[in-house]
Structure formats: C-alpha cells, structure tokens
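Asks: The structure's right below; bear with me while I get my questions together.
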Amino acid sequence: EDMYELKKLIRMLQGRSLAGVRASFHKLCRDEHGIIGVREAIGLLKMNGCVEERPEPLYTPKDMTEDDQGNKGFRISGILAACQRSWDRSRRRLQANCGFQPQHVQDLREMFRYFDTDKNDSIDMKELGQMIKQAFPELAQDPSMRPRLLQILAQIDPNKNGRLDFRGFLMAMQLIRERQDQAKVIKEHEAITAVGLSQIQVKELRDLYSEQNGEGLTSISKIQIISMVCKVCHFPRSSIPEFSKAFLEVKERSRIGDKASDDMDFPEFLFLMKMLHDADFGGIASLNQAKYGSC
C-alpha cells in the first residue's frame with residue numbers, strides 16, 4: 001500500500017512537471033500546434049531540468065519537426081518527449097548511484113579509495129568504521145546513534161561477509177546521510193518547541209542564519225553569530241564575556257556535536273538566541289517586545 005501511494009505521488013509530481021513544461025512552451029508559442037526554434041527549445045529543456053548526458057543527446061531528430069518554410073523546430077509533443085526521456089535517465093542514474101549526483105559519486109569514490117587500505121576494490125567493516133570516525137565524528141561519538149549505525153551495517157552486509165564493494169559503500173553513505181537528515185529534523189523540531197518562539201520569529205532567525213550560511217554548510221562560526229547578534233541588538237565589546245558564557249553553555253547542553261567547536265548549527269543558534277532574549281542581552285527582549293508584543 002505504501003509503495004502504491006509513493007507511485008501515485010511520483011505520477012502526480014511528474015504531471016505537475018509536464019504542466020510546467022507546457023506553460024513554459026506556451027509563453028514562447030501561444031499556438032497549441034505551433035513551433036519554437038531550436039535555441040528556444042534547448043533553453044526550455046534546460047530550464048526544466050533536462051541535461052545532456054553523453055552519449056545520450058538532449059533531444060533526438062524524432063523530437064523535431066519542420067514548419068511550412070522548412071525551418072526545423074519543436075512542437076509541444078517533441079518537447080514533452082525530450083523532457084520525459086531526460087527525466088527518466090536522471091532517475092535511473094540516481095537509482096544506480098543510490099541517490100547521489102555524479103559529482104558527489106566522484107568525491108565518494110575518492111573517499112572509498114582512501115579507506116581501501118589494501119587496494120583490493122573493497123573495504124572491510126574495520127575500514128568502514130575508521131571512515132565513519134573520521135568523516136562523521138558526530139555520529140561515531142553520539143551514543144544515541146550507535147544502534148542506528150549497527151542497523152546500517154546489518155543492512156549493507158546481509159551476507160555477513162564483512163566486505164563492501166563501491167556499490168555497497170554508496171548504499172552505506174546514503175543510509176548514513178538519511179540518518180543524519182532524520183537526526184537534524186528531530187533536533188530542529190525539539191529546539192523550536194523548547195524555545196517557544198513564534199513561527200514568524202523562527203523564520204526571521206532562520207533567514208538571519210541563512211545569510212551567514214550561504215554555501216549551505218551545516219553550521220556557522222562564533223564570529224558569524226556575533227555579527228548576526230550585532231544586527232538585532234546593542235553589542236558593545238564589554239558584553240563579549242557575557243555572550244561567550246551563554247555560547248559555551250549552549251554548546252555544553254547540546255546532545256550532538258563537538259563541544260570544543262566554535263561552530264553552531266541552527267537548533268543551537270535558536271537556543272542561544274532564546275537565552276540572550278531571556279537575559280535581555282543588549283536590550284534584545286525590549287526590542288522584541290516593541291516588535292512582536294508579549295512573547
């Protein structure tokens with residue numbers, strides 16, 4: 001039943017995507033049976049997530065047609081066929097790569113080769129354990145994650161032969177990534193519930209955090225956080241010891257992460273801002289009172 005619902009969801013999303021392609025086509029050509037040029041078609045295909053993957057072309061001659069003057073172009077049917085073919089290729093590639101994009105697969109292959117110390121194109125459980133400790137220290141050090149890591153090892157080594165080829169390694173990385181994502185979602189939900197801020201306040205803090213986290217990193221530095229706090233309240237140099245004390249207290253309370261690190265993820269940042277608010281650090285509580293009313 002779950003698989004049936006998933007397939008329905010996939011078909012629904014594909015339908016929405018095809019509808020988006022149709023809308024893009026009609027912006028270029030209002031006539032349902034009209035033709036757009038090759039350059040316009042290439043732009044439309046790429047805008048809708050179609051990529052050329054050699055030796056597979058972006059489109060084929062069968063997708064094209066000619067107008068009355070003999071000019072080659074694309075009708076909506078040809079555009080839809082090219083899109084569907086490209087999306088199918090991308091889906092098959094992602095399935096083969098356990099959900100990773102090609103550039104990530106290359107990075108993971110380099111990691112695999114590094115930890116394949118005996119250079120036999122496979123890694124044993126000991127080598128995988130060393131990789132997890134070095135590449136994912138927060139998972140290796142968190143007691144609550146150890147049962148989940150054991151589950152991952154059981155999933156990727158069902159025959160108990162103790163070795164993984166590169167495909168098995170990709171499966172392990174995907175499962176670890178899923179566990180990380182789950183842990184992040186749970187941690188963020190717990191933080192939002194605990195701090196008791198409104199949805200508007202959480203969104204504004206997330207936007208502020210994202211400004212400093214433009215590259216999509218999982219955490220930002222203490223210096224970056226100081227820069228953010230300076231934007232929302234009065235922060236003289238004399239207040240740095242008070243801020244540092246609050247910062248350290250939040251890090252020590254954190255269930256996951258390196259306490260010695262000067263970086264914070266978003267849930268930790270929420271706890272810090274709540275602590276600063278409760279202490280009316282730099283008049284931040286008064287400013288929030290004026291902006292939002294009673295918290």
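Letters A, B, ... go to the chains of the structure tokens in the order shown; residues in each chain start at 1; ligands are counted from 1 in the same order.
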Which residues are close to Ala194 of chain A, i.e. within 12 Å by only C-alpha atoms, leaving aside same-chain residues fewer than 3 positions away? Reply as an MDAnalysis selection string.
Replies: chainID A and resid 187:191 197:198 267:268 270:272 274:275
Asks: Write the residues you've just listed into a file as a PDB file, in the first residue's frame, and include C-alpha atoms for each of them.
Replies:
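Final file, part-v3.pdb:
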```pdb
ATOM      1  CA  LYS A 187      16.846  18.151  16.729  1.00  0.00           C
ATOM      2  CA  GLU A 188      15.451  21.229  14.990  1.00  0.00           C
ATOM      3  CA  HIS A 189      11.854  20.338  15.875  1.00  0.00           C
ATOM      4  CA  GLU A 190      12.817  19.818  19.523  1.00  0.00           C
ATOM      5  CA  ALA A 191      14.641  23.159  19.576  1.00  0.00           C
ATOM      6  CA  LEU A 197       9.220  31.287  19.666  1.00  0.00           C
ATOM      7  CA  SER A 198       6.503  32.122  17.170  1.00  0.00           C
ATOM      8  CA  PRO A 267      18.960  24.455  16.626  1.00  0.00           C
ATOM      9  CA  GLU A 268      21.881  25.551  18.825  1.00  0.00           C
ATOM     10  CA  LEU A 270      17.868  29.068  18.423  1.00  0.00           C
ATOM     11  CA  PHE A 271      18.751  28.069  21.997  1.00  0.00           C
ATOM     12  CA  LEU A 272      21.410  30.780  22.127  1.00  0.00           C
ATOM     13  CA  LYS A 274      16.407  32.330  23.422  1.00  0.00           C
ATOM     14  CA  MET A 275      18.980  32.553  26.220  1.00  0.00           C
TER      15      MET A 275
END
```
Asks: Near Phe25 of chain A, counting only C-alpha atoms, which residues have an atom at most 12 Å away, once you skip same-chain residues fewer than 4 positions from it, shown as number ranges by chain?
Replies: A: 18-21, 29-37, 40-45, 47-48, 74-80
Asks: Quick one: pick out all strand (DSSP E) residues within segment 68-162 of chain A from a backbone DSSP run and write them as a PDB file with N, CA and C atoms, in the first residue's frame.
Replies:
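This is the output file selection-v3.pdb:
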```
ATOM      1  N   LYS A  72      13.415  24.008 -39.113  1.00  0.00           N
ATOM      2  CA  LYS A  72      13.300  22.978 -38.081  1.00  0.00           C
ATOM      3  C   LYS A  72      12.997  23.607 -36.737  1.00  0.00           C
ATOM      4  N   GLY A  73      12.201  22.896 -35.973  1.00  0.00           N
ATOM      5  CA  GLY A  73      11.849  23.369 -34.640  1.00  0.00           C
ATOM      6  C   GLY A  73      11.173  22.275 -33.851  1.00  0.00           C
ATOM      7  N   ILE A 123      36.185  -2.559   0.880  1.00  0.00           N
ATOM      8  CA  ILE A 123      36.599  -2.194   2.234  1.00  0.00           C
ATOM      9  C   ILE A 123      35.908  -3.122   3.220  1.00  0.00           C
ATOM     10  N   ASP A 124      36.611  -3.443   4.302  1.00  0.00           N
ATOM     11  CA  ASP A 124      36.006  -4.295   5.319  1.00  0.00           C
ATOM     12  C   ASP A 124      35.342  -3.426   6.385  1.00  0.00           C
TER      13      ASP A 124
END
```
Asks: As a list in words, please: the residues near Leu128 of chain A (cut-off 9 Å, only C-alpha atoms, same-chain neighbours under 3 positions excluded).
Replies: Phe115, Asp116, Ile123, Asp124, Met125, Met131, Ile132, Lys133, Leu164 and Phe169 of chain A
